[in-house]
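Trainee: I'm passing along final20.cif; it holds mmCIF, C-alpha atoms.
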```cif
data_model
#
loop_
_atom_site.label_atom_id
_atom_site.label_comp_id
_atom_site.auth_asym_id
_atom_site.auth_seq_id
_atom_site.Cartn_x
_atom_site.Cartn_y
_atom_site.Cartn_z
CA MET J 1056 143.23 140.30 151.18
CA ARG J 1057 140.96 137.29 151.38
CA PHE J 1058 138.70 138.87 148.73
CA LEU J 1059 141.65 139.38 146.38
CA SER J 1060 142.80 135.81 146.88
CA ALA J 1061 139.32 134.45 146.16
CA ALA J 1062 138.98 136.66 143.10
CA LEU J 1063 142.36 135.50 141.81
CA SER J 1064 141.41 131.86 142.34
CA LEU J 1065 138.13 132.36 140.47
CA THR J 1066 139.94 134.06 137.59
CA LEU J 1067 142.44 131.20 137.36
CA LEU J 1068 139.60 128.66 137.46
CA VAL J 1069 137.72 130.37 134.60
CA ALA J 1070 140.89 130.65 132.58
CA THR J 1071 141.68 126.97 133.14
CA CYS J 1072 138.17 125.88 132.14
CA THR J 1073 138.31 128.06 129.05
CA ALA J 1074 141.69 126.65 128.09
CA ASN J 1075 140.48 123.08 128.64
CA ALA J 1076 137.26 123.54 126.66
CA ALA J 1077 137.61 121.60 123.43
CA PRO J 1078 137.11 123.95 120.46
CA LEU J 1079 134.97 122.80 117.56
CA PRO J 1080 137.36 121.15 115.10
CA THR J 1081 137.78 122.59 111.64
CA PRO J 1082 135.65 120.61 109.20
CA ARG J 1083 137.35 118.52 106.55
CA GLN J 1084 136.06 118.66 103.00
CA VAL J 1085 135.29 115.30 101.45
CA ASP J 1086 134.28 114.66 97.85
CA ILE J 1087 131.43 112.27 97.15
CA PRO J 1088 130.74 110.75 93.72
CA ALA J 1089 127.16 111.56 92.76
CA ALA J 1090 124.85 111.24 89.77
CA ALA J 1091 125.50 112.75 86.35
CA SER J 1092 129.26 113.10 86.90
CA LEU J 1093 128.66 115.46 89.82
CA THR J 1094 131.22 115.57 92.61
CA LEU J 1095 129.33 116.46 95.76
CA HIS J 1096 131.46 118.49 98.15
CA ALA J 1097 130.67 117.98 101.83
CA GLN J 1098 132.06 119.22 105.15
CA LEU J 1099 132.83 116.56 107.75
CA TYR J 1100 133.00 116.99 111.52
CA LYS J 1101 134.22 113.79 113.17
CA PRO J 1102 135.10 112.89 116.76
CA ASP J 1103 138.67 111.84 117.46
CA GLY J 1104 139.37 108.15 117.05
CA ASP J 1105 138.58 105.36 114.64
CA GLY J 1106 134.91 104.85 115.46
CA PRO J 1107 132.63 103.49 114.27
CA PHE J 1108 130.57 106.59 115.11
CA PRO J 1109 126.86 107.20 114.71
CA THR J 1110 126.66 109.72 111.89
CA VAL J 1111 124.22 112.46 110.93
CA ILE J 1112 123.79 113.70 107.38
CA ALA J 1113 122.83 117.38 107.83
CA LEU J 1114 120.96 119.22 105.07
CA HIS J 1115 121.26 123.00 104.78
CA GLY J 1116 118.38 125.35 104.00
CA CYS J 1117 117.75 127.45 100.89
CA GLY J 1118 120.47 129.95 101.82
CA GLY J 1119 123.19 127.36 101.27
CA LEU J 1120 125.83 125.77 103.47
CA SER J 1121 128.75 128.19 103.48
CA GLY J 1122 129.15 131.76 104.69
CA GLN J 1123 131.07 134.59 103.09
CA SER J 1124 134.42 133.51 104.52
CA GLU J 1125 133.76 130.11 106.07
CA PRO J 1126 132.79 126.68 104.73
CA VAL J 1127 129.91 126.23 107.19
CA GLN J 1128 127.51 128.93 108.36
CA PRO J 1129 127.37 129.51 112.14
CA ARG J 1130 123.85 128.04 112.40
CA TYR J 1131 125.03 124.65 111.09
CA ARG J 1132 128.36 124.83 112.90
CA ASP J 1133 126.40 125.36 116.11
CA TRP J 1134 124.40 122.19 115.50
CA ALA J 1135 127.53 120.26 114.53
CA GLU J 1136 128.99 121.20 117.91
CA GLN J 1137 125.86 119.96 119.70
CA LEU J 1138 125.94 116.66 117.82
CA LEU J 1139 129.66 116.13 118.36
CA LYS J 1140 129.05 116.40 122.10
CA THR J 1141 126.79 113.35 121.85
CA GLY J 1142 129.43 111.35 119.99
CA HIS J 1143 128.08 111.80 116.46
CA ALA J 1144 129.99 112.52 113.31
CA VAL J 1145 128.28 115.16 111.16
CA LEU J 1146 128.47 115.29 107.37
CA LEU J 1147 127.05 118.34 105.59
CA PRO J 1148 126.72 117.95 101.79
CA ASP J 1149 126.71 121.23 99.86
CA SER J 1150 123.94 120.83 97.31
CA TYR J 1151 124.34 124.34 95.87
CA GLY J 1152 128.07 125.07 95.99
CA SER J 1153 128.82 121.67 94.44
CA ARG J 1154 126.78 122.77 91.43
CA GLU J 1155 128.36 126.26 91.44
CA LEU J 1156 125.05 127.81 92.44
CA GLY J 1157 124.18 130.42 95.04
CA PRO J 1158 121.14 130.56 97.33
CA GLN J 1159 117.93 128.97 96.05
CA CYS J 1160 115.39 130.84 98.19
CA GLN J 1161 113.68 132.79 95.43
CA VAL J 1162 111.28 130.67 93.39
CA LYS J 1163 112.57 132.06 90.09
CA GLU J 1164 116.14 131.03 91.01
CA ARG J 1165 115.31 127.51 92.20
CA ARG J 1166 117.22 124.99 90.07
CA VAL J 1167 117.92 122.40 92.77
CA LEU J 1168 114.72 120.78 93.99
CA ALA J 1169 114.22 119.17 97.39
CA ARG J 1170 112.32 116.22 95.94
CA ARG J 1171 114.80 115.54 93.13
CA GLU J 1172 118.43 116.73 93.24
CA ARG J 1173 118.60 116.97 97.01
CA VAL J 1174 117.22 113.46 97.52
CA ALA J 1175 119.85 112.24 95.04
CA ASP J 1176 122.50 114.04 97.12
CA ILE J 1177 121.22 112.36 100.29
CA ASN J 1178 121.37 108.92 98.70
CA ALA J 1179 124.86 109.50 97.30
CA THR J 1180 126.05 110.67 100.73
CA ARG J 1181 124.53 107.64 102.41
CA GLN J 1182 126.18 105.23 99.98
CA TRP J 1183 129.53 106.95 100.55
CA LEU J 1184 129.14 106.68 104.32
CA LEU J 1185 128.37 102.98 104.11
CA GLN J 1186 131.87 102.51 102.70
CA GLN J 1187 133.63 104.40 105.51
CA SER J 1188 135.10 102.30 108.33
CA TRP J 1189 134.64 105.11 110.89
CA ALA J 1190 130.86 105.35 110.27
CA ALA J 1191 128.47 103.00 112.08
CA ARG J 1192 126.52 101.54 109.17
CA ASP J 1193 123.36 100.94 111.18
CA ARG J 1194 123.32 104.40 112.82
CA ILE J 1195 123.20 106.87 109.94
CA SER J 1196 120.49 109.49 110.49
CA LEU J 1197 119.18 112.58 108.71
CA ILE J 1198 118.58 116.11 109.92
CA GLY J 1199 117.53 119.07 107.79
CA TRP J 1200 116.36 122.66 108.02
CA ALA J 1201 113.68 124.29 105.84
CA ASN J 1202 114.44 123.25 102.24
CA GLY J 1203 116.82 120.62 103.59
CA ALA J 1204 114.05 119.38 105.89
CA SER J 1205 111.72 119.09 102.90
CA ALA J 1206 114.38 116.95 101.23
CA VAL J 1207 114.46 114.77 104.36
CA LEU J 1208 110.70 114.18 104.10
CA TRP J 1209 111.06 113.12 100.47
CA ALA J 1210 114.08 110.90 101.18
CA VAL J 1211 112.38 108.81 103.89
CA ARG J 1212 109.27 107.99 101.88
CA PRO J 1213 108.97 104.24 101.16
CA GLN J 1214 109.08 105.02 97.43
CA SER J 1215 112.57 106.54 97.81
CA LEU J 1216 114.22 103.44 99.26
CA LEU J 1217 117.39 102.37 97.45
CA ARG J 1218 117.66 98.60 97.64
CA SER J 1219 121.41 98.80 96.97
CA ALA J 1220 122.09 100.86 100.10
CA GLU J 1221 121.62 98.78 103.22
CA PRO J 1222 121.02 99.20 106.11
CA ASP J 1223 118.49 102.02 105.96
CA PHE J 1224 118.64 105.32 107.82
CA ARG J 1225 118.28 104.97 111.56
CA SER J 1226 116.02 108.01 111.99
CA ALA J 1227 115.23 111.45 110.59
CA ILE J 1228 114.58 114.96 111.93
CA ALA J 1229 113.03 117.82 109.95
CA PHE J 1230 113.09 121.43 111.18
CA TYR J 1231 110.23 123.51 109.72
CA PRO J 1232 109.90 121.80 106.32
CA ASP J 1233 107.44 122.93 103.68
CA CYS J 1234 104.83 120.19 104.05
CA ARG J 1235 102.28 121.58 101.60
CA ILE J 1236 103.13 119.27 98.69
CA SER J 1237 103.65 116.20 100.90
CA SER J 1238 100.30 116.75 102.63
CA GLY J 1239 98.49 116.15 99.35
CA LEU J 1240 100.43 113.02 98.43
CA GLY J 1241 99.60 110.72 101.30
CA TRP J 1242 103.08 111.02 102.83
CA SER J 1243 104.45 108.26 105.03
CA THR J 1244 107.90 107.35 106.29
CA ARG J 1245 109.86 104.14 106.48
CA VAL J 1246 112.07 105.31 109.41
CA PRO J 1247 111.19 107.11 112.66
CA THR J 1248 110.79 110.79 111.72
CA LEU J 1249 110.47 113.86 113.95
CA LEU J 1250 109.13 117.22 112.71
CA LEU J 1251 109.85 120.41 114.66
CA ILE J 1252 108.08 123.64 113.71
CA GLY J 1253 106.79 126.86 115.26
CA ALA J 1254 103.07 127.59 115.46
CA LYS J 1255 103.77 131.10 114.16
CA ASP J 1256 105.85 129.92 111.20
CA ASP J 1257 104.51 131.89 108.24
CA VAL J 1258 107.27 130.69 105.90
CA SER J 1259 106.42 127.00 106.16
CA SER J 1260 103.00 125.68 107.16
CA PRO J 1261 102.44 124.20 110.63
CA SER J 1262 98.91 123.07 109.69
CA ALA J 1263 100.17 121.19 106.63
CA CYS J 1264 102.87 119.51 108.73
CA ARG J 1265 100.26 118.42 111.28
CA GLN J 1266 98.20 116.99 108.43
CA VAL J 1267 101.24 115.11 107.08
CA VAL J 1268 101.97 113.45 110.42
CA GLU J 1269 98.36 112.72 111.33
CA GLY J 1270 97.70 111.29 107.87
CA ALA J 1271 100.63 108.88 108.19
CA ARG J 1272 99.34 107.19 111.33
CA GLY J 1273 98.60 103.51 110.92
CA ARG J 1274 100.46 103.08 107.63
CA SER J 1275 103.91 104.37 108.44
CA ALA J 1276 106.90 104.07 110.69
CA LEU J 1277 106.73 106.33 113.73
CA ALA J 1278 106.17 109.98 112.80
CA ARG J 1279 105.93 112.68 115.48
CA ILE J 1280 105.52 116.45 115.38
CA VAL J 1281 106.37 119.08 117.97
CA VAL J 1282 104.77 122.50 117.41
CA TYR J 1283 106.20 125.33 119.53
CA PRO J 1284 103.40 127.79 120.40
CA GLY J 1285 105.24 131.11 120.14
CA ALA J 1286 107.95 130.24 117.66
CA ALA J 1287 108.54 131.51 114.14
CA HIS J 1288 110.69 130.16 111.30
CA ASP J 1289 114.38 129.62 112.17
CA PHE J 1290 113.52 129.43 115.89
CA ASP J 1291 116.60 127.28 116.61
CA ARG J 1292 119.14 129.79 115.28
CA ALA J 1293 121.14 131.56 117.97
CA ASN J 1294 120.89 135.32 118.56
CA LEU J 1295 118.51 136.11 115.72
CA PRO J 1296 116.03 138.85 116.73
CA LEU J 1297 112.52 138.28 115.43
CA ARG J 1298 111.96 140.27 112.25
CA ALA J 1299 109.97 140.38 109.05
CA ILE J 1300 111.71 139.29 105.87
CA THR J 1301 112.02 142.21 103.46
CA GLY J 1302 112.58 140.18 100.32
CA THR J 1303 115.87 141.91 99.52
CA ASP J 1304 118.18 139.14 100.78
CA ALA J 1305 118.57 136.31 98.26
CA ALA J 1306 119.65 133.95 101.06
CA LEU J 1307 116.30 134.27 102.87
CA PRO J 1308 112.77 133.15 101.98
CA GLU J 1309 110.72 135.64 100.01
CA ARG J 1310 108.32 136.48 102.83
CA GLY J 1311 107.39 135.77 106.43
CA HIS J 1312 109.14 136.18 109.77
CA ILE J 1313 112.28 134.63 111.22
CA GLY J 1314 113.81 134.71 114.67
CA THR J 1315 115.16 132.85 117.67
CA ASP J 1316 112.82 131.44 120.28
CA ALA J 1317 115.02 130.62 123.27
CA GLU J 1318 112.68 128.06 124.86
CA ALA J 1319 111.97 126.29 121.58
CA ARG J 1320 115.66 126.29 120.70
CA LYS J 1321 116.58 124.69 124.03
CA ASP J 1322 113.81 122.12 123.86
CA SER J 1323 114.62 121.22 120.24
CA GLN J 1324 118.22 120.47 121.21
CA GLN J 1325 116.93 118.02 123.81
CA GLN J 1326 114.42 116.54 121.36
CA VAL J 1327 117.17 115.95 118.78
CA THR J 1328 119.46 114.33 121.34
CA GLU J 1329 116.72 111.96 122.51
CA TRP J 1330 115.51 111.13 118.98
CA LEU J 1331 118.99 110.23 117.75
CA ALA J 1332 119.61 108.09 120.84
CA ARG J 1333 116.62 105.85 120.03
#
```
Could you render the structure from this file as C-alpha coordinates?
Mentor:
Amino acid sequence: MRFLSAALSLTLLVATCTANAAPLPTPRQVDIPAAASLTLHAQLYKPDGDGPFPTVIALHGCGGLSGQSEPVQPRYRDWAEQLLKTGHAVLLPDSYGSRELGPQCQVKERRVLARRERVADINATRQWLLQQSWAARDRISLIGWANGASAVLWAVRPQSLLRSAEPDFRSAIAFYPDCRISSGLGWSTRVPTLLLIGAKDDVSSPSACRQVVEGARGRSALARIVVYPGAAHDFDRANLPLRAITGTDAALPERGHIGTDAEARKDSQQQVTEWLAR
(Lines of atoms letter the chains of each structure in order from A and count residues from 1; the text may use other names and numbers.)
(Lines give C-alpha, C1' and ligand atoms only; values in the text may rest on other atoms or scores of the structure.)
Protein backbone atom coordinates (compact mmCIF):
# COMPACT_ATOMS: atom_id res chain seq x y z
CA MET A 1 0.00 0.00 0.00
CA ARG A 2 2.85 2.32 0.86
CA PHE A 3 4.46 1.53 -2.51
CA LEU A 4 1.25 2.41 -4.36
CA SER A 5 0.92 5.65 -2.44
CA ALA A 6 4.52 6.63 -3.21
CA ALA A 7 4.10 5.72 -6.86
CA LEU A 8 0.92 7.79 -7.07
CA SER A 9 2.65 10.76 -5.46
CA LEU A 10 5.55 10.51 -7.91
CA THR A 11 3.15 10.32 -10.85
CA LEU A 12 1.29 13.41 -9.64
CA LEU A 13 4.59 15.25 -9.12
CA VAL A 14 5.79 14.48 -12.67
CA ALA A 15 2.44 15.48 -14.10
CA THR A 16 2.49 18.75 -12.15
CA CYS A 17 6.04 19.58 -13.27
CA THR A 18 5.16 18.78 -16.86
CA ALA A 19 2.06 20.96 -16.69
CA ASN A 20 4.02 23.82 -15.12
CA ALA A 21 6.87 23.65 -17.64
CA ALA A 22 6.61 26.70 -19.87
CA PRO A 23 6.33 25.60 -23.52
CA LEU A 24 8.36 27.41 -26.14
CA PRO A 25 6.13 30.22 -27.41
CA THR A 26 5.09 30.28 -31.04
CA PRO A 27 7.34 32.68 -32.94
CA ARG A 28 5.86 35.86 -34.36
CA GLN A 29 6.73 36.88 -37.89
CA VAL A 30 8.02 40.40 -38.26
CA ASP A 31 8.79 42.20 -41.51
CA ILE A 32 11.99 44.20 -41.79
CA PRO A 33 12.64 46.78 -44.52
CA ALA A 34 15.86 45.85 -46.30
CA ALA A 35 17.88 46.91 -49.32
CA ALA A 36 16.60 46.94 -52.89
CA SER A 37 12.93 46.99 -51.88
CA LEU A 38 13.31 43.64 -50.13
CA THR A 39 11.07 42.88 -47.17
CA LEU A 40 13.03 40.58 -44.90
CA HIS A 41 10.77 38.15 -43.06
CA ALA A 42 12.01 37.10 -39.62
CA GLN A 43 10.73 34.93 -36.78
CA LEU A 44 10.78 36.49 -33.32
CA TYR A 45 10.89 34.70 -29.97
CA LYS A 46 10.52 37.18 -27.12
CA PRO A 47 10.20 36.78 -23.35
CA ASP A 48 7.01 38.03 -21.73
CA GLY A 49 7.05 41.66 -20.69
CA ASP A 50 8.15 44.99 -22.06
CA GLY A 51 11.92 44.58 -21.73
CA PRO A 52 14.31 45.91 -22.72
CA PHE A 53 15.75 42.45 -23.39
CA PRO A 54 19.20 41.47 -24.60
CA THR A 55 18.59 40.20 -28.12
CA VAL A 56 20.31 37.69 -30.38
CA ILE A 57 20.13 37.83 -34.16
CA ALA A 58 20.35 34.16 -35.20
CA LEU A 59 21.52 33.23 -38.71
CA HIS A 60 20.42 29.94 -40.26
CA GLY A 61 22.67 27.65 -42.29
CA CYS A 62 22.55 26.81 -46.00
CA GLY A 63 19.47 24.60 -45.57
CA GLY A 64 17.30 27.59 -44.71
CA LEU A 65 15.27 28.62 -41.68
CA SER A 66 11.94 26.86 -42.04
CA GLY A 67 10.93 23.21 -42.12
CA GLN A 68 8.32 21.53 -44.27
CA SER A 69 5.42 22.49 -42.01
CA GLU A 70 6.91 24.91 -39.50
CA PRO A 71 8.43 28.40 -39.68
CA VAL A 72 11.57 27.43 -37.74
CA GLN A 73 13.46 24.15 -38.02
CA PRO A 74 13.85 22.17 -34.76
CA ARG A 75 17.61 22.86 -34.59
CA TYR A 76 17.03 26.63 -34.41
CA ARG A 77 13.93 26.30 -32.24
CA ASP A 78 16.04 24.30 -29.81
CA TRP A 79 18.58 27.11 -29.59
CA ALA A 80 15.83 29.72 -29.27
CA GLU A 81 14.55 27.82 -26.24
CA GLN A 82 18.03 27.78 -24.69
CA LEU A 83 18.45 31.52 -25.24
CA LEU A 84 14.98 32.38 -23.93
CA LYS A 85 15.89 30.62 -20.69
CA THR A 86 18.69 33.14 -20.22
CA GLY A 87 16.35 36.08 -20.78
CA HIS A 88 17.23 36.80 -24.41
CA ALA A 89 14.91 37.63 -27.25
CA VAL A 90 15.82 35.78 -30.45
CA LEU A 91 15.25 37.12 -33.95
CA LEU A 92 15.82 34.79 -36.91
CA PRO A 93 15.85 36.53 -40.31
CA ASP A 94 15.00 34.27 -43.25
CA SER A 95 17.53 35.17 -45.92
CA TYR A 96 16.28 32.58 -48.42
CA GLY A 97 12.51 32.44 -47.95
CA SER A 98 12.33 36.25 -48.04
CA ARG A 99 13.79 36.06 -51.54
CA GLU A 100 11.53 33.12 -52.50
CA LEU A 101 14.54 30.82 -52.68
CA GLY A 102 15.10 27.32 -51.36
CA PRO A 103 18.26 25.85 -49.81
CA GLN A 104 21.58 27.28 -50.96
CA CYS A 105 23.88 24.37 -50.08
CA GLN A 106 24.87 23.38 -53.59
CA VAL A 107 27.45 25.71 -55.12
CA LYS A 108 25.59 25.89 -58.43
CA GLU A 109 22.41 27.04 -56.62
CA ARG A 110 24.06 29.67 -54.43
CA ARG A 111 22.51 33.07 -55.18
CA VAL A 112 22.62 34.53 -51.66
CA LEU A 113 26.20 35.04 -50.51
CA ALA A 114 27.35 35.15 -46.88
CA ARG A 115 29.66 38.09 -47.50
CA ARG A 116 27.11 40.16 -49.43
CA GLU A 117 23.35 39.59 -49.14
CA ARG A 118 23.50 37.98 -45.73
CA VAL A 119 25.61 40.78 -44.24
CA ALA A 120 23.06 43.23 -45.66
CA ASP A 121 20.32 41.21 -43.94
CA ILE A 122 22.22 41.35 -40.64
CA ASN A 123 22.63 45.11 -40.86
CA ALA A 124 18.97 45.66 -41.77
CA THR A 125 17.90 43.47 -38.83
CA ARG A 126 20.17 45.36 -36.47
CA GLN A 127 18.82 48.74 -37.58
CA TRP A 128 15.27 47.47 -37.10
CA LEU A 129 16.07 46.23 -33.60
CA LEU A 130 17.56 49.57 -32.61
CA GLN A 131 14.11 51.07 -33.15
CA GLN A 132 12.28 48.55 -30.94
CA SER A 133 11.56 49.63 -27.36
CA TRP A 134 11.68 46.03 -26.07
CA ALA A 135 15.25 45.46 -27.36
CA ALA A 136 18.24 46.55 -25.26
CA ARG A 137 20.15 48.68 -27.76
CA ASP A 138 23.55 47.97 -26.22
CA ARG A 139 23.04 44.19 -25.94
CA ILE A 140 22.37 43.01 -29.49
CA SER A 141 24.52 39.99 -30.36
CA LEU A 142 24.98 37.64 -33.31
CA ILE A 143 24.96 33.87 -33.54
CA GLY A 144 25.15 31.81 -36.72
CA TRP A 145 25.58 28.26 -37.98
CA ALA A 146 27.64 27.19 -41.01
CA ASN A 147 26.76 29.62 -43.83
CA GLY A 148 25.12 31.88 -41.25
CA ALA A 149 28.30 31.71 -39.17
CA SER A 150 30.34 32.74 -42.21
CA ALA A 151 28.03 35.74 -42.54
CA VAL A 152 28.70 36.56 -38.88
CA LEU A 153 32.46 36.61 -39.53
CA TRP A 154 31.96 39.01 -42.44
CA ALA A 155 29.55 41.23 -40.50
CA VAL A 156 31.90 41.85 -37.55
CA ARG A 157 34.91 42.88 -39.62
CA PRO A 158 35.90 46.53 -39.01
CA GLN A 159 35.27 47.24 -42.71
CA SER A 160 31.59 46.25 -42.31
CA LEU A 161 30.77 48.79 -39.60
CA LEU A 162 27.72 50.94 -40.36
CA ARG A 163 28.26 54.36 -38.80
CA SER A 164 24.51 55.00 -38.86
CA ALA A 165 23.72 52.05 -36.60
CA GLU A 166 24.91 52.69 -33.07
CA PRO A 167 25.69 51.12 -30.66
CA ASP A 168 27.56 48.21 -32.22
CA PHE A 169 26.91 44.52 -31.65
CA ARG A 170 27.70 43.36 -28.14
CA SER A 171 29.32 40.07 -29.20
CA ALA A 172 29.24 37.34 -31.84
CA ILE A 173 29.28 33.54 -31.96
CA ALA A 174 30.01 31.44 -35.05
CA PHE A 175 29.32 27.69 -35.18
CA TYR A 176 31.54 25.90 -37.74
CA PRO A 177 31.88 28.69 -40.32
CA ASP A 178 33.78 28.28 -43.56
CA CYS A 179 36.93 30.24 -42.69
CA ARG A 180 38.89 29.50 -45.86
CA ILE A 181 38.25 32.85 -47.58
CA SER A 182 38.59 34.88 -44.37
CA SER A 183 41.91 33.21 -43.54
CA GLY A 184 43.47 34.72 -46.64
CA LEU A 185 42.14 38.22 -46.06
CA GLY A 186 43.70 39.10 -42.74
CA TRP A 187 40.40 38.79 -40.86
CA SER A 188 39.85 40.69 -37.63
CA THR A 189 36.80 41.58 -35.57
CA ARG A 190 35.58 44.74 -33.93
CA VAL A 191 33.47 42.90 -31.28
CA PRO A 192 34.27 39.89 -29.07
CA THR A 193 33.82 36.83 -31.30
CA LEU A 194 33.71 33.14 -30.39
CA LEU A 195 34.20 30.33 -32.95
CA LEU A 196 33.03 26.80 -32.16
CA ILE A 197 34.00 23.93 -34.47
CA GLY A 198 34.74 20.21 -34.40
CA ALA A 199 38.23 18.89 -35.09
CA LYS A 200 36.70 16.28 -37.42
CA ASP A 201 34.62 18.81 -39.37
CA ASP A 202 35.24 17.92 -43.02
CA VAL A 203 32.57 20.33 -44.29
CA SER A 204 34.18 23.47 -42.88
CA SER A 205 37.88 23.76 -42.08
CA PRO A 206 39.07 23.72 -38.45
CA SER A 207 42.65 24.55 -39.50
CA ALA A 208 41.51 27.62 -41.45
CA CYS A 209 39.43 28.78 -38.46
CA ARG A 210 42.45 28.41 -36.17
CA GLN A 211 44.47 30.47 -38.63
CA VAL A 212 41.77 33.16 -38.70
CA VAL A 213 41.73 33.52 -34.92
CA GLU A 214 45.48 33.30 -34.43
CA GLY A 215 46.08 35.80 -37.21
CA ALA A 216 43.75 38.34 -35.58
CA ARG A 217 45.66 38.49 -32.30
CA GLY A 218 47.11 41.89 -31.51
CA ARG A 219 45.06 43.81 -34.07
CA SER A 220 41.51 42.86 -33.21
CA ALA A 221 38.88 42.75 -30.53
CA LEU A 222 38.88 39.52 -28.56
CA ALA A 223 38.59 36.44 -30.80
CA ARG A 224 38.52 32.93 -29.32
CA ILE A 225 38.14 29.47 -30.82
CA VAL A 226 37.02 26.21 -29.22
CA VAL A 227 37.82 23.06 -31.21
CA TYR A 228 36.04 19.90 -30.03
CA PRO A 229 38.35 16.89 -30.56
CA GLY A 230 35.85 14.24 -31.67
CA ALA A 231 33.14 16.40 -33.19
CA ALA A 232 31.97 16.66 -36.78
CA HIS A 233 29.88 19.31 -38.56
CA ASP A 234 26.48 20.04 -36.95
CA PHE A 235 27.72 18.67 -33.61
CA ASP A 236 25.24 20.83 -31.67
CA ARG A 237 22.12 19.45 -33.35
CA ALA A 238 20.06 17.12 -31.16
CA ASN A 239 19.59 13.43 -31.99
CA LEU A 240 21.47 13.41 -35.29
CA PRO A 241 23.42 10.14 -35.74
CA LEU A 242 26.82 10.62 -37.32
CA ARG A 243 26.65 9.91 -41.04
CA ALA A 244 28.25 10.72 -44.36
CA ILE A 245 26.47 13.19 -46.61
CA THR A 246 25.33 11.48 -49.81
CA GLY A 247 24.89 14.62 -51.89
CA THR A 248 21.26 13.85 -52.69
CA ASP A 249 19.71 16.25 -50.16
CA ALA A 250 19.67 19.85 -51.42
CA ALA A 251 19.37 21.11 -47.82
CA LEU A 252 22.74 19.62 -46.83
CA PRO A 253 26.32 20.43 -47.84
CA GLU A 254 27.61 18.58 -50.88
CA ARG A 255 30.05 16.37 -48.99
CA GLY A 256 31.46 15.52 -45.58
CA HIS A 257 29.99 14.15 -42.36
CA ILE A 258 27.40 15.50 -39.94
CA GLY A 259 26.23 14.36 -36.55
CA THR A 260 25.59 15.13 -32.90
CA ASP A 261 28.41 15.07 -30.39
CA ALA A 262 26.73 15.02 -26.98
CA GLU A 263 29.70 16.39 -25.01
CA ALA A 264 30.43 19.14 -27.52
CA ARG A 265 26.75 20.04 -27.71
CA LYS A 266 26.51 20.38 -23.93
CA ASP A 267 29.72 22.37 -23.64
CA SER A 268 28.76 24.68 -26.51
CA GLN A 269 25.51 25.56 -24.75
CA GLN A 270 27.53 26.61 -21.71
CA GLN A 271 30.03 28.50 -23.86
CA VAL A 272 27.22 30.44 -25.57
CA THR A 273 25.58 31.31 -22.25
CA GLU A 274 28.85 32.60 -20.79
CA TRP A 275 29.85 34.51 -23.95
CA LEU A 276 26.53 36.33 -24.19
CA ALA A 277 26.67 37.21 -20.48
CA ARG A 278 29.96 39.09 -20.94
Trainee: Report as a list in words the residues that result from applying the PyMOL selection byres ((chain J and resi 1320) around 10) to the structure here.
Mentor: Tyr1283, Ala1286, Asp1289, Phe1290, Asp1291, Arg1292, Ala1293, Thr1315, Asp1316, Ala1317, Glu1318, Ala1319, Lys1321, Asp1322, Ser1323, Gln1324, Gln1325 and Gln1326 of chain J
Trainee: At what distance in Å, to one decimal, does CA of Ala1287 (chain J) lie from CA of Ala1254 (chain J)?
Mentor: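 Computing the Euclidean distance for CA of Ala1254 (chain J) and CA of Ala1287 (chain J) yields 6.9 Å.
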Trainee: Care to translate the PyMOL selection byres ((chain J and resi 1237) around 12) into actual residues of this file, as a PyMOL selection string?
Mentor: chain J and resi 1169-1170+1204-1212+1232-1236+1238-1244+1260+1263-1268+1270-1271
Trainee: Do you know which residues the PyMOL selection byres ((chain J and resi 1180) around 10) returns on this file, as a list in words?
Mentor: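 Those residues are Asp1086, Ile1087, Pro1088, Ala1089, Leu1095, His1096, Ala1097, Ile1112, Leu1146, Leu1147, Pro1148, Val1174, Ala1175, Asp1176, Ile1177, Asn1178, Ala1179, Arg1181, Gln1182, Trp1183, Leu1184 and Leu1185 of chain J.
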Trainee: Which neighbours of Leu1156 (chain J) fall inside 10 Å, counting all atoms listed in the file, when residues of the same chain fewer than 4 positions from it are skipped, and could you give them as a PDB file with C-alpha atoms, in the coordinates of the input?
Mentor:
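Written file, out18.pdb:
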```pdb
ATOM      1  CA  GLY J1119     123.190 127.360 101.270  1.00  0.00           C
ATOM      2  CA  SER J1150     123.940 120.830  97.310  1.00  0.00           C
ATOM      3  CA  TYR J1151     124.340 124.340  95.870  1.00  0.00           C
ATOM      4  CA  GLY J1152     128.070 125.070  95.990  1.00  0.00           C
ATOM      5  CA  GLU J1164     116.140 131.030  91.010  1.00  0.00           C
ATOM      6  CA  ARG J1165     115.310 127.510  92.200  1.00  0.00           C
ATOM      7  CA  ARG J1166     117.220 124.990  90.070  1.00  0.00           C
ATOM      8  CA  VAL J1167     117.920 122.400  92.770  1.00  0.00           C
TER       9      VAL J1167
END
```
Trainee: Could you please determine the separation between CA of Ser1092 (chain J) and CA of Ser1153 (chain J) in Å, to one decimal place?
Mentor: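 For CA of Ser1092 (chain J) relative to CA of Ser1153 (chain J), the distance reads 11.4 Å.
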